[in-house]
Amino acid sequence: MTDSPAGNLYDLLREHFPADRGRPCIETAEGRIYTYADVEATSGRFARLLAQLGVAAGERVAVQVDKSPEAIFLYLACLRAGGIYLPLNTAYTTSEVAYFLGDAEPRVLVCRPETAAALKPVADDASVAHVLSLDVDGGGSLPAQAAALEPVSGCVSRAAEDTAAILYTSGTTGQPKGAMLSHRNLASNALALHRIWGFRADDVLLHALPIYHTHGLFVATNCVLLNGTAMLFLRKFDANEVIRLLPRATVMMGVPTFYTRLLAHLEFGRAACGNMRLFISGSAPLLEETFHAFEARTGHRILERYGMTETGMNTSNPLDGERRPGTVGLPLPDAEARVTDDTGKSLPVGEIGVLEVRGPNVFSGYWRQPEKTAAEFRADGFFITGDVAKIDGRGYIHIVGRAKDLIISGGLNIYPKEVELHIDGIPGVVESAVIGLDHPDFGEAVAAVVVRAATQPDITAEAIIAHLKGELAGFKIPKRVFFVDELPRNSMGKVQKSLLREQYGRLLTEA
Ligand code: AMP
C-alpha cells in the first residue's frame, strides 16, 4: 500500500477495491447487497450526471439526504467528477440550509424528495443551478436521471491539496464555518487509521453512524473502502438491530451513546460480540465508567480516539498497547500534538492548556474565511483545536473540555471535566454536566446538571455539594445542582452545554 497519497482520493480507494469486484461492499440491515462492481458502476453513473450538470473541478455539490448506500455512491461520484462534496445534517431547517447554500454557492443541491419543494426557492435565491432528489431507498430524480447513463471509467485528476469536501462545523458559537478538506487530508488520515487499527482481509464493519459527519463518512467509510471489504449498513443506530447484526461483524465505530445504549440492554453481552475484534469510540468523551462496564460485560476494552471536523482524527489509543480509559491516546504516527498556554508556548507534562495539532490530516482553512483561518493557526502550522487538554508522562492525551466551556468564576479558572469526574464518582450518580452561568458577583457561577441512578432517586443537591467539599477547592464547588433524567445530546453524542446554559441561566438568577 502506498503511504504517499497523491491526487484524487477515489483513485487511492479504488486501488484497494478487491480484485473480485463481485465481493460485497455494503449490506443493508434489510439484506440488500451492493458489490464493489455496483459501487464503481453507480458512482460512475452519478459522476457522469454531475459532469453533465456542470460539476467541474472545484464545483460544490451540497447534499442533504437520509443515509443510504446511494448517498455513499454520491460522495464517491462527487470525488470522481472532481467536485467538492458538501454533506449537510438532515436536521438542518430550510433557513439553515439557505445559509449554507448562500455561503458555499454549490452548483447542485441533492435533497430528500419531501424537502425539494421547500428548498427549490432557497436554492434559486442562492443561484444553485440544479436541485435533485434522493430518497432513503435509493429512488428520486438523481438516480432516475443517472440510470441510463454510461458510467465514467476513471475520475477527474486532482492535486492532493485540492479540496475534496467541505464540512460545516457544528457552529455552537457563531455561524458555522466550512472546513475545507483536501484529498490529501482525507487520504492520509484513512491510510493512517487503516494501518494503526490493523484492518484485516476478513473485517466486516458495523456502520450505524450518520454519514453527514466526519466520523461516519470519512473515518468509517474510507477505512472500509481502503480495506476492500464489507460493511453492515444501518440507517441509524438501533440497539436491537446492532445486537442482531454484531455477531456477523468484527469492527464497530460508535459515539459513546452507542455504548451506553447497548449496555442498557441486559441481554447484550459476550454472545453478541463473539466475532468482534475491535470497538472504537469517538466524537465525544467516553466516560471511564462506560469503558469499565463495557469491559465487564463483553471482555472488550473500547479503543477511544479523538478528532474533529477540521482535522479528521488526531489521536488514538493503541490497538496492541494499553488502552487507557479517560484518555484519547497518542498522536497518530504522522501527526503531532502539543499543549500550550495562550501565547502558543508548549507547557510541561501534566499541565492543562490548549491542544494544538499539526499533520497531513489538518485542513487548509475555512471556506472564504481567511481571517478566521489565520486566527486558528500558529505561525508554525499548528492548528488551535479549541479543546483543553493535558499530556501525561506516557504521552497519552486527556481532553479536559472545550475552551469555550471553561468557567471563570471570581477570576479563577474551572475546568468542568474535573468537577464532572468528581460528581460522577459519587455513588448514585450516573453522569453530570458542569456549566458556567452568568452571575452578578462572580462573573460566572459553577452549576451542575446531574443524572441520578434509578436505584438512588433520593440523592440530594446538598449531599452532592457536601461530598465535593471534601475533594475540591471551594471555588470549584457548584453553587447549584439541578437534576435531569437525561442530558441533552446531539446526534454525535455530544452534551449540548449551550442548551443547559440557556435553560438553567434563568433559574440561577431567579434563585
Ligand atoms: P466535530 O467537529 O463535530 O467532530 O467535533 C469535534 C470535537 O468533539 C472535538 O473538538 C472535541 O471537543 C470533541 N471530541 C471528539 N472526540 C472526542 C473524544 N474522544 N473525547 C472527548 N472529546 C472528543
# chains A, B, ... in the order shown; residues from 1 in each chain; ligands from 1

call {"tool": "residues_near_ligand", "arguments": {"ligand": "ligand 1", "cutoff": "8 Å", "atoms": "only C-alpha atoms and all ligand atoms", "output": "number ranges by chain"}}
result
A: 169-170, 213-215, 281-286, 304-310, 312, 327-328, 385-387, 399-402, 492, 494

call {"tool": "select_by_dssp", "arguments": {"residues": "stretch 213-394 of chain A", "states": "helix (DSSP H, G or I)", "output": "JSON, numbers by chain"}}
result
{"A": [214, 215, 216, 217, 218, 219, 220, 221, 222, 223, 224, 225, 226, 227, 239, 240, 241, 242, 243, 244, 245, 246, 247, 248, 256, 257, 258, 259, 260, 261, 262, 263, 270, 271, 272, 273, 288, 289, 290, 291, 292, 293, 294, 295, 296, 297, 298, 370, 371, 372, 373, 374, 375]}

call {"tool": "residues_around", "arguments": {"residues": "A:Pro318", "least_positions_apart": "4", "cutoff": "12 Å", "atoms": "only C-alpha atoms", "output": "list in words"}}
result
Leu193, Arg195, Ile196, Trp197, Gly198, Leu278, Ile280, Arg301, Ile302, Leu303, Glu304, Arg305, Glu322, Arg323, Arg324, Pro325, Thr327, Val328, Gly329, Leu330, Pro331, Leu332, Pro333, Gly395 and Tyr396 of chain A

call {"tool": "write_last_selection", "arguments": {"atoms": "N, CA and C atoms", "output": "CSV table (one decimal), in the first residue's frame"}}
result
chain,number,residue,atom,x,y,z
A,193,LEU,N,-5.3,5.5,9.8
A,193,LEU,CA,-6.3,4.8,10.7
A,193,LEU,C,-6.3,3.3,10.2
A,195,ARG,N,-4.1,1.6,9.0
A,195,ARG,CA,-2.9,0.9,9.5
A,195,ARG,C,-2.9,0.6,11.0
A,196,ILE,N,-3.2,1.7,11.7
A,196,ILE,CA,-3.0,1.6,13.2
A,196,ILE,C,-4.1,0.7,13.8
A,197,TRP,N,-5.2,0.6,13.1
A,197,TRP,CA,-6.3,-0.2,13.7
A,197,TRP,C,-6.3,-1.6,13.1
A,198,GLY,N,-5.2,-1.9,12.4
A,198,GLY,CA,-4.9,-3.3,11.9
A,198,GLY,C,-6.0,-3.9,11.1
A,278,LEU,N,-12.8,-5.4,17.5
A,278,LEU,CA,-12.5,-4.0,17.9
A,278,LEU,C,-13.7,-3.2,18.0
A,280,ILE,N,-14.6,0.8,18.6
A,280,ILE,CA,-13.9,2.1,18.6
A,280,ILE,C,-14.9,3.2,19.0
A,301,ARG,N,-12.1,-4.0,25.6
A,301,ARG,CA,-11.7,-2.6,26.0
A,301,ARG,C,-11.9,-1.7,24.8
A,302,ILE,N,-12.8,-0.8,25.0
A,302,ILE,CA,-13.2,0.1,23.8
A,302,ILE,C,-11.9,1.0,23.5
A,303,LEU,N,-11.6,1.1,22.2
A,303,LEU,CA,-10.5,1.9,21.8
A,303,LEU,C,-11.0,3.3,21.6
A,304,GLU,N,-10.6,4.3,22.4
A,304,GLU,CA,-11.1,5.7,22.2
A,304,GLU,C,-10.1,6.5,21.4
A,305,ARG,N,-10.6,7.2,20.4
A,305,ARG,CA,-9.8,8.1,19.6
A,305,ARG,C,-10.4,9.5,19.6
A,322,GLU,N,-1.5,-0.4,25.7
A,322,GLU,CA,-2.5,-0.2,26.7
A,322,GLU,C,-3.6,0.9,26.3
A,323,ARG,N,-4.8,0.5,26.3
A,323,ARG,CA,-5.9,1.4,26.1
A,323,ARG,C,-6.3,2.0,27.4
A,324,ARG,N,-6.0,3.3,27.6
A,324,ARG,CA,-6.2,3.9,28.9
A,324,ARG,C,-7.6,4.7,28.9
A,325,PRO,N,-8.5,4.2,29.7
A,325,PRO,CA,-9.8,4.9,29.8
A,325,PRO,C,-9.6,6.3,30.3
A,327,THR,N,-8.6,8.7,28.5
A,327,THR,CA,-7.7,9.4,27.6
A,327,THR,C,-8.0,9.1,26.1
A,328,VAL,N,-7.5,9.9,25.2
A,328,VAL,CA,-7.8,9.7,23.8
A,328,VAL,C,-6.5,9.2,23.1
A,329,GLY,N,-5.6,8.7,23.9
A,329,GLY,CA,-4.4,8.0,23.4
A,329,GLY,C,-3.3,8.9,22.9
A,330,LEU,N,-2.6,8.5,21.9
A,330,LEU,CA,-1.4,9.1,21.4
A,330,LEU,C,-1.6,9.7,20.0
A,331,PRO,N,-0.8,10.7,19.6
A,331,PRO,CA,-1.0,11.3,18.3
A,331,PRO,C,-0.8,10.2,17.2
A,332,LEU,N,-1.5,10.3,16.1
A,332,LEU,CA,-1.3,9.3,15.0
A,332,LEU,C,0.1,9.4,14.6
A,333,PRO,N,0.6,8.3,13.9
A,333,PRO,CA,2.0,8.3,13.6
A,333,PRO,C,2.5,9.5,12.8
A,395,GLY,N,2.7,10.2,27.5
A,395,GLY,CA,2.3,10.8,26.2
A,395,GLY,C,0.9,10.6,25.8
A,396,TYR,N,0.1,10.1,26.7
A,396,TYR,CA,-1.4,9.9,26.4
A,396,TYR,C,-2.0,11.3,26.6

call {"tool": "closest_residue", "arguments": {"among": "A:Tyr212, A:Thr340, A:Thr229, A:Ser153", "to": "A:Arg200", "atoms": "only C-alpha atoms"}}
result
A:Thr229

call {"tool": "select_by_dssp", "arguments": {"residues": "stretch 33-138 of chain A", "states": "strand (DSSP E or B)", "output": "list in words"}}
result
Ile33, Tyr34, Thr35, Arg60, Val61, Ala62, Val63, Gln64, Ile84, Tyr85, Leu86, Pro87, Val108, Leu109, Val110, Cys111, His130, Val131, Leu132 and Ser133 of chain A

call {"tool": "write_last_selection", "arguments": {"atoms": "N, CA, C and O atoms", "output": "JSON list (two decimals), in the first residue's frame"}}
result
[["chain", "number", "residue", "atom", "x", "y", "z"],
["A", 33, "ILE", "N", -27.59, -6.25, -0.89],
["A", 33, "ILE", "CA", -26.12, -6.28, -1.01],
["A", 33, "ILE", "C", -25.68, -5.48, -2.23],
["A", 33, "ILE", "O", -26.25, -5.61, -3.31],
["A", 34, "TYR", "N", -24.69, -4.63, -2.01],
["A", 34, "TYR", "CA", -24.09, -3.85, -3.10],
["A", 34, "TYR", "C", -22.64, -4.29, -3.19],
["A", 34, "TYR", "O", -21.89, -4.20, -2.21],
["A", 35, "THR", "N", -22.25, -4.77, -4.36],
["A", 35, "THR", "CA", -20.87, -5.24, -4.54],
["A", 35, "THR", "C", -19.98, -4.06, -4.91],
["A", 35, "THR", "O", -20.44, -2.95, -5.21],
["A", 60, "ARG", "N", -19.01, 22.86, -6.02],
["A", 60, "ARG", "CA", -19.58, 22.22, -4.84],
["A", 60, "ARG", "C", -20.89, 21.49, -5.16],
["A", 60, "ARG", "O", -21.70, 21.96, -5.97],
["A", 61, "VAL", "N", -21.07, 20.36, -4.49],
["A", 61, "VAL", "CA", -22.32, 19.59, -4.57],
["A", 61, "VAL", "C", -22.84, 19.47, -3.14],
["A", 61, "VAL", "O", -22.24, 18.76, -2.32],
["A", 62, "ALA", "N", -23.92, 20.20, -2.84],
["A", 62, "ALA", "CA", -24.46, 20.15, -1.47],
["A", 62, "ALA", "C", -25.47, 19.00, -1.39],
["A", 62, "ALA", "O", -26.26, 18.80, -2.32],
["A", 63, "VAL", "N", -25.40, 18.25, -0.30],
["A", 63, "VAL", "CA", -26.21, 17.04, -0.19],
["A", 63, "VAL", "C", -26.86, 16.97, 1.19],
["A", 63, "VAL", "O", -26.17, 16.92, 2.20],
["A", 64, "GLN", "N", -28.19, 17.03, 1.21],
["A", 64, "GLN", "CA", -28.90, 16.86, 2.48],
["A", 64, "GLN", "C", -29.90, 15.72, 2.29],
["A", 64, "GLN", "O", -31.05, 15.94, 1.91],
["A", 84, "ILE", "N", -16.56, 19.09, -5.15],
["A", 84, "ILE", "CA", -16.34, 19.19, -3.70],
["A", 84, "ILE", "C", -17.63, 18.75, -3.02],
["A", 84, "ILE", "O", -18.70, 19.35, -3.25],
["A", 85, "TYR", "N", -17.54, 17.71, -2.24],
["A", 85, "TYR", "CA", -18.72, 17.13, -1.59],
["A", 85, "TYR", "C", -19.04, 17.92, -0.33],
["A", 85, "TYR", "O", -18.17, 18.18, 0.51],
["A", 86, "LEU", "N", -20.32, 18.28, -0.19],
["A", 86, "LEU", "CA", -20.71, 19.14, 0.94],
["A", 86, "LEU", "C", -21.95, 18.54, 1.63],
["A", 86, "LEU", "O", -23.08, 18.84, 1.25],
["A", 87, "PRO", "N", -21.72, 17.61, 2.56],
["A", 87, "PRO", "CA", -22.85, 16.96, 3.20],
["A", 87, "PRO", "C", -23.46, 17.84, 4.30],
["A", 87, "PRO", "O", -22.74, 18.56, 4.99],
["A", 108, "VAL", "N", -24.95, 22.18, -7.55],
["A", 108, "VAL", "CA", -26.04, 21.20, -7.44],
["A", 108, "VAL", "C", -26.41, 21.03, -5.98],
["A", 108, "VAL", "O", -25.54, 21.01, -5.12],
["A", 109, "LEU", "N", -27.72, 20.92, -5.73],
["A", 109, "LEU", "CA", -28.19, 20.51, -4.40],
["A", 109, "LEU", "C", -28.94, 19.20, -4.57],
["A", 109, "LEU", "O", -29.83, 19.08, -5.43],
["A", 110, "VAL", "N", -28.59, 18.20, -3.76],
["A", 110, "VAL", "CA", -29.34, 16.94, -3.73],
["A", 110, "VAL", "C", -30.02, 16.87, -2.38],
["A", 110, "VAL", "O", -29.35, 16.99, -1.34],
["A", 111, "CYS", "N", -31.34, 16.73, -2.38],
["A", 111, "CYS", "CA", -32.07, 16.73, -1.11],
["A", 111, "CYS", "C", -33.09, 15.59, -1.09],
["A", 111, "CYS", "O", -33.24, 14.86, -2.08],
["A", 130, "HIS", "N", -29.02, 23.37, -10.13],
["A", 130, "HIS", "CA", -29.85, 22.16, -10.22],
["A", 130, "HIS", "C", -30.22, 21.65, -8.83],
["A", 130, "HIS", "O", -29.35, 21.57, -7.96],
["A", 131, "VAL", "N", -31.49, 21.28, -8.68],
["A", 131, "VAL", "CA", -31.94, 20.62, -7.44],
["A", 131, "VAL", "C", -32.43, 19.23, -7.82],
["A", 131, "VAL", "O", -33.33, 19.08, -8.65],
["A", 132, "LEU", "N", -31.81, 18.22, -7.22],
["A", 132, "LEU", "CA", -32.18, 16.83, -7.49],
["A", 132, "LEU", "C", -32.57, 16.18, -6.17],
["A", 132, "LEU", "O", -32.24, 16.67, -5.10],
["A", 133, "SER", "N", -33.24, 15.01, -6.28],
["A", 133, "SER", "CA", -33.64, 14.35, -5.04],
["A", 133, "SER", "C", -33.08, 12.93, -4.97],
["A", 133, "SER", "O", -32.78, 12.31, -5.99]]

call {"tool": "residues_around", "arguments": {"residues": "A:Met276", "least_positions_apart": "3", "cutoff": "8 Å", "atoms": "only C-alpha atoms", "output": "VMD selection string"}}
result
chain A and resid 246 to 247 249 to 251 273 279

call {"tool": "write_last_selection", "arguments": {"atoms": "N, CA and C atoms", "output": "short mmCIF file (atom, residue, chain, number, x, y, z; two decimals), in the first residue's frame"}}
result
data_model
loop_
_atom_site.label_atom_id
_atom_site.label_comp_id
_atom_site.auth_asym_id
_atom_site.auth_seq_id
_atom_site.Cartn_x
_atom_site.Cartn_y
_atom_site.Cartn_z
N LEU A 246 -24.38 -7.69 15.15
CA LEU A 246 -23.00 -7.73 15.66
C LEU A 246 -22.32 -9.09 15.48
N PRO A 247 -23.03 -10.21 15.66
CA PRO A 247 -22.34 -11.49 15.51
C PRO A 247 -21.69 -11.69 14.14
N ALA A 249 -20.21 -9.09 12.57
CA ALA A 249 -19.24 -8.01 12.38
C ALA A 249 -17.97 -8.29 13.16
N THR A 250 -16.89 -7.59 12.75
CA THR A 250 -15.64 -7.70 13.50
C THR A 250 -15.21 -6.36 14.10
N VAL A 251 -15.69 -5.25 13.52
CA VAL A 251 -15.29 -3.91 13.98
C VAL A 251 -16.54 -3.05 14.06
N CYS A 273 -20.86 -10.51 20.89
CA CYS A 273 -19.56 -9.97 20.48
C CYS A 273 -18.57 -11.06 20.08
N PHE A 279 -13.88 -2.50 19.13
CA PHE A 279 -14.90 -1.45 19.29
C PHE A 279 -14.17 -0.13 19.42
#

call {"tool": "closest_residue", "arguments": {"among": "A:Gly31, A:Gly493, A:Gly436, A:Gly428", "to": "A:Leu232", "atoms": "only C-alpha atoms"}}
result
A:Gly31

call {"tool": "decode", "arguments": {"residues": "stretch 483-497 of chain A", "atoms": "all heavy atoms", "output": "PDB file, in the first residue's frame"}}
result
ATOM      1  N   PHE A 483     -31.272  18.475  38.726  1.00  0.00           N
ATOM      2  CA  PHE A 483     -31.377  17.060  38.359  1.00  0.00           C
ATOM      3  C   PHE A 483     -32.195  16.908  37.073  1.00  0.00           C
ATOM      4  O   PHE A 483     -33.204  17.597  36.893  1.00  0.00           O
ATOM      5  CB  PHE A 483     -32.029  16.255  39.488  1.00  0.00           C
ATOM      6  CG  PHE A 483     -31.154  16.196  40.723  1.00  0.00           C
ATOM      7  CD1 PHE A 483     -31.440  16.962  41.851  1.00  0.00           C
ATOM      8  CD2 PHE A 483     -30.027  15.390  40.732  1.00  0.00           C
ATOM      9  CE1 PHE A 483     -30.614  16.927  42.968  1.00  0.00           C
ATOM     10  CE2 PHE A 483     -29.193  15.336  41.853  1.00  0.00           C
ATOM     11  CZ  PHE A 483     -29.495  16.110  42.969  1.00  0.00           C
ATOM     12  N   VAL A 484     -31.738  16.014  36.221  1.00  0.00           N
ATOM     13  CA  VAL A 484     -32.481  15.709  34.980  1.00  0.00           C
ATOM     14  C   VAL A 484     -32.489  14.190  34.788  1.00  0.00           C
ATOM     15  O   VAL A 484     -31.662  13.480  35.374  1.00  0.00           O
ATOM     16  CB  VAL A 484     -31.832  16.350  33.726  1.00  0.00           C
ATOM     17  CG1 VAL A 484     -31.987  17.848  33.709  1.00  0.00           C
ATOM     18  CG2 VAL A 484     -30.359  15.961  33.612  1.00  0.00           C
ATOM     19  N   ASP A 485     -33.410  13.726  33.954  1.00  0.00           N
ATOM     20  CA  ASP A 485     -33.450  12.283  33.666  1.00  0.00           C
ATOM     21  C   ASP A 485     -32.372  11.899  32.667  1.00  0.00           C
ATOM     22  O   ASP A 485     -31.871  10.791  32.648  1.00  0.00           O
ATOM     23  CB  ASP A 485     -34.819  11.886  33.084  1.00  0.00           C
ATOM     24  CG  ASP A 485     -35.904  12.033  34.138  1.00  0.00           C
ATOM     25  OD1 ASP A 485     -35.551  11.987  35.334  1.00  0.00           O
ATOM     26  OD2 ASP A 485     -37.077  12.214  33.761  1.00  0.00           O
ATOM     27  N   GLU A 486     -32.042  12.856  31.798  1.00  0.00           N
ATOM     28  CA  GLU A 486     -31.103  12.578  30.704  1.00  0.00           C
ATOM     29  C   GLU A 486     -30.432  13.881  30.296  1.00  0.00           C
ATOM     30  O   GLU A 486     -31.108  14.925  30.265  1.00  0.00           O
ATOM     31  CB  GLU A 486     -31.917  12.062  29.511  1.00  0.00           C
ATOM     32  CG  GLU A 486     -31.213  11.058  28.668  1.00  0.00           C
ATOM     33  CD  GLU A 486     -32.116  10.577  27.531  1.00  0.00           C
ATOM     34  OE1 GLU A 486     -33.354  10.604  27.674  1.00  0.00           O
ATOM     35  OE2 GLU A 486     -31.567  10.204  26.509  1.00  0.00           O
ATOM     36  N   LEU A 487     -29.153  13.858  29.964  1.00  0.00           N
ATOM     37  CA  LEU A 487     -28.504  15.075  29.473  1.00  0.00           C
ATOM     38  C   LEU A 487     -28.847  15.247  27.993  1.00  0.00           C
ATOM     39  O   LEU A 487     -28.895  14.252  27.250  1.00  0.00           O
ATOM     40  CB  LEU A 487     -26.977  14.961  29.626  1.00  0.00           C
ATOM     41  CG  LEU A 487     -26.440  14.901  31.066  1.00  0.00           C
ATOM     42  CD1 LEU A 487     -24.935  14.662  31.060  1.00  0.00           C
ATOM     43  CD2 LEU A 487     -26.766  16.181  31.826  1.00  0.00           C
ATOM     44  N   PRO A 488     -29.069  16.488  27.548  1.00  0.00           N
ATOM     45  CA  PRO A 488     -29.357  16.675  26.116  1.00  0.00           C
ATOM     46  C   PRO A 488     -28.103  16.417  25.284  1.00  0.00           C
ATOM     47  O   PRO A 488     -27.040  16.943  25.585  1.00  0.00           O
ATOM     48  CB  PRO A 488     -29.766  18.152  26.036  1.00  0.00           C
ATOM     49  CG  PRO A 488     -29.131  18.798  27.211  1.00  0.00           C
ATOM     50  CD  PRO A 488     -29.011  17.750  28.287  1.00  0.00           C
ATOM     51  N   ARG A 489     -28.239  15.577  24.264  1.00  0.00           N
ATOM     52  CA  ARG A 489     -27.073  15.261  23.416  1.00  0.00           C
ATOM     53  C   ARG A 489     -27.454  15.464  21.955  1.00  0.00           C
ATOM     54  O   ARG A 489     -28.604  15.243  21.586  1.00  0.00           O
ATOM     55  CB  ARG A 489     -26.664  13.799  23.600  1.00  0.00           C
ATOM     56  CG  ARG A 489     -25.989  13.516  24.922  1.00  0.00           C
ATOM     57  CD  ARG A 489     -25.286  12.165  24.873  1.00  0.00           C
ATOM     58  NE  ARG A 489     -24.120  12.142  25.720  1.00  0.00           N
ATOM     59  CZ  ARG A 489     -24.155  11.908  27.038  1.00  0.00           C
ATOM     60  NH1 ARG A 489     -25.294  11.657  27.636  1.00  0.00           N
ATOM     61  NH2 ARG A 489     -23.049  11.936  27.746  1.00  0.00           N
ATOM     62  N   ASN A 490     -26.481  15.834  21.130  1.00  0.00           N
ATOM     63  CA  ASN A 490     -26.774  15.912  19.693  1.00  0.00           C
ATOM     64  C   ASN A 490     -26.554  14.539  19.063  1.00  0.00           C
ATOM     65  O   ASN A 490     -26.235  13.578  19.758  1.00  0.00           O
ATOM     66  CB  ASN A 490     -25.963  17.031  19.023  1.00  0.00           C
ATOM     67  CG  ASN A 490     -24.481  16.696  18.932  1.00  0.00           C
ATOM     68  OD1 ASN A 490     -24.061  15.568  19.206  1.00  0.00           O
ATOM     69  ND2 ASN A 490     -23.689  17.672  18.558  1.00  0.00           N
ATOM     70  N   SER A 491     -26.714  14.476  17.745  1.00  0.00           N
ATOM     71  CA  SER A 491     -26.671  13.160  17.096  1.00  0.00           C
ATOM     72  C   SER A 491     -25.303  12.506  17.193  1.00  0.00           C
ATOM     73  O   SER A 491     -25.166  11.311  16.969  1.00  0.00           O
ATOM     74  CB  SER A 491     -27.079  13.289  15.627  1.00  0.00           C
ATOM     75  OG  SER A 491     -26.200  14.193  15.004  1.00  0.00           O
ATOM     76  N   MET A 492     -24.261  13.272  17.489  1.00  0.00           N
ATOM     77  CA  MET A 492     -22.938  12.675  17.634  1.00  0.00           C
ATOM     78  C   MET A 492     -22.606  12.391  19.090  1.00  0.00           C
ATOM     79  O   MET A 492     -21.462  12.128  19.441  1.00  0.00           O
ATOM     80  CB  MET A 492     -21.867  13.580  17.016  1.00  0.00           C
ATOM     81  CG  MET A 492     -22.041  13.818  15.535  1.00  0.00           C
ATOM     82  SD  MET A 492     -22.308  12.294  14.571  1.00  0.00           S
ATOM     83  CE  MET A 492     -20.720  11.481  14.771  1.00  0.00           C
ATOM     84  N   GLY A 493     -23.622  12.477  19.955  1.00  0.00           N
ATOM     85  CA  GLY A 493     -23.417  12.105  21.350  1.00  0.00           C
ATOM     86  C   GLY A 493     -22.806  13.197  22.203  1.00  0.00           C
ATOM     87  O   GLY A 493     -22.450  12.965  23.356  1.00  0.00           O
ATOM     88  N   LYS A 494     -22.673  14.413  21.648  1.00  0.00           N
ATOM     89  CA  LYS A 494     -22.073  15.485  22.435  1.00  0.00           C
ATOM     90  C   LYS A 494     -23.124  16.123  23.334  1.00  0.00           C
ATOM     91  O   LYS A 494     -24.218  16.451  22.867  1.00  0.00           O
ATOM     92  CB  LYS A 494     -21.515  16.570  21.511  1.00  0.00           C
ATOM     93  CG  LYS A 494     -20.365  16.114  20.659  1.00  0.00           C
ATOM     94  CD  LYS A 494     -19.865  17.307  19.853  1.00  0.00           C
ATOM     95  CE  LYS A 494     -19.381  16.907  18.488  1.00  0.00           C
ATOM     96  NZ  LYS A 494     -18.207  16.082  18.449  1.00  0.00           N
ATOM     97  N   VAL A 495     -22.757  16.338  24.599  1.00  0.00           N
ATOM     98  CA  VAL A 495     -23.672  17.010  25.514  1.00  0.00           C
ATOM     99  C   VAL A 495     -23.815  18.461  25.059  1.00  0.00           C
ATOM    100  O   VAL A 495     -22.819  19.148  24.808  1.00  0.00           O
ATOM    101  CB  VAL A 495     -23.137  16.954  26.964  1.00  0.00           C
ATOM    102  CG1 VAL A 495     -24.013  17.766  27.882  1.00  0.00           C
ATOM    103  CG2 VAL A 495     -23.046  15.512  27.435  1.00  0.00           C
ATOM    104  N   GLN A 496     -25.052  18.925  24.939  1.00  0.00           N
ATOM    105  CA  GLN A 496     -25.284  20.279  24.426  1.00  0.00           C
ATOM    106  C   GLN A 496     -25.290  21.276  25.585  1.00  0.00           C
ATOM    107  O   GLN A 496     -26.342  21.653  26.097  1.00  0.00           O
ATOM    108  CB  GLN A 496     -26.567  20.295  23.621  1.00  0.00           C
ATOM    109  CG  GLN A 496     -26.407  19.479  22.338  1.00  0.00           C
ATOM    110  CD  GLN A 496     -27.694  19.309  21.592  1.00  0.00           C
ATOM    111  OE1 GLN A 496     -28.632  18.718  22.112  1.00  0.00           O
ATOM    112  NE2 GLN A 496     -27.753  19.824  20.394  1.00  0.00           N
ATOM    113  N   LYS A 497     -24.089  21.690  25.966  1.00  0.00           N
ATOM    114  CA  LYS A 497     -23.977  22.572  27.130  1.00  0.00           C
ATOM    115  C   LYS A 497     -24.637  23.922  26.887  1.00  0.00           C
ATOM    116  O   LYS A 497     -25.116  24.542  27.819  1.00  0.00           O
ATOM    117  CB  LYS A 497     -22.504  22.738  27.516  1.00  0.00           C
ATOM    118  CG  LYS A 497     -21.941  21.456  28.125  1.00  0.00           C
ATOM    119  CD  LYS A 497     -20.679  21.695  28.915  1.00  0.00           C
ATOM    120  CE  LYS A 497     -20.360  20.432  29.731  1.00  0.00           C
ATOM    121  NZ  LYS A 497     -19.108  20.544  30.469  1.00  0.00           N
TER     122      LYS A 497
END
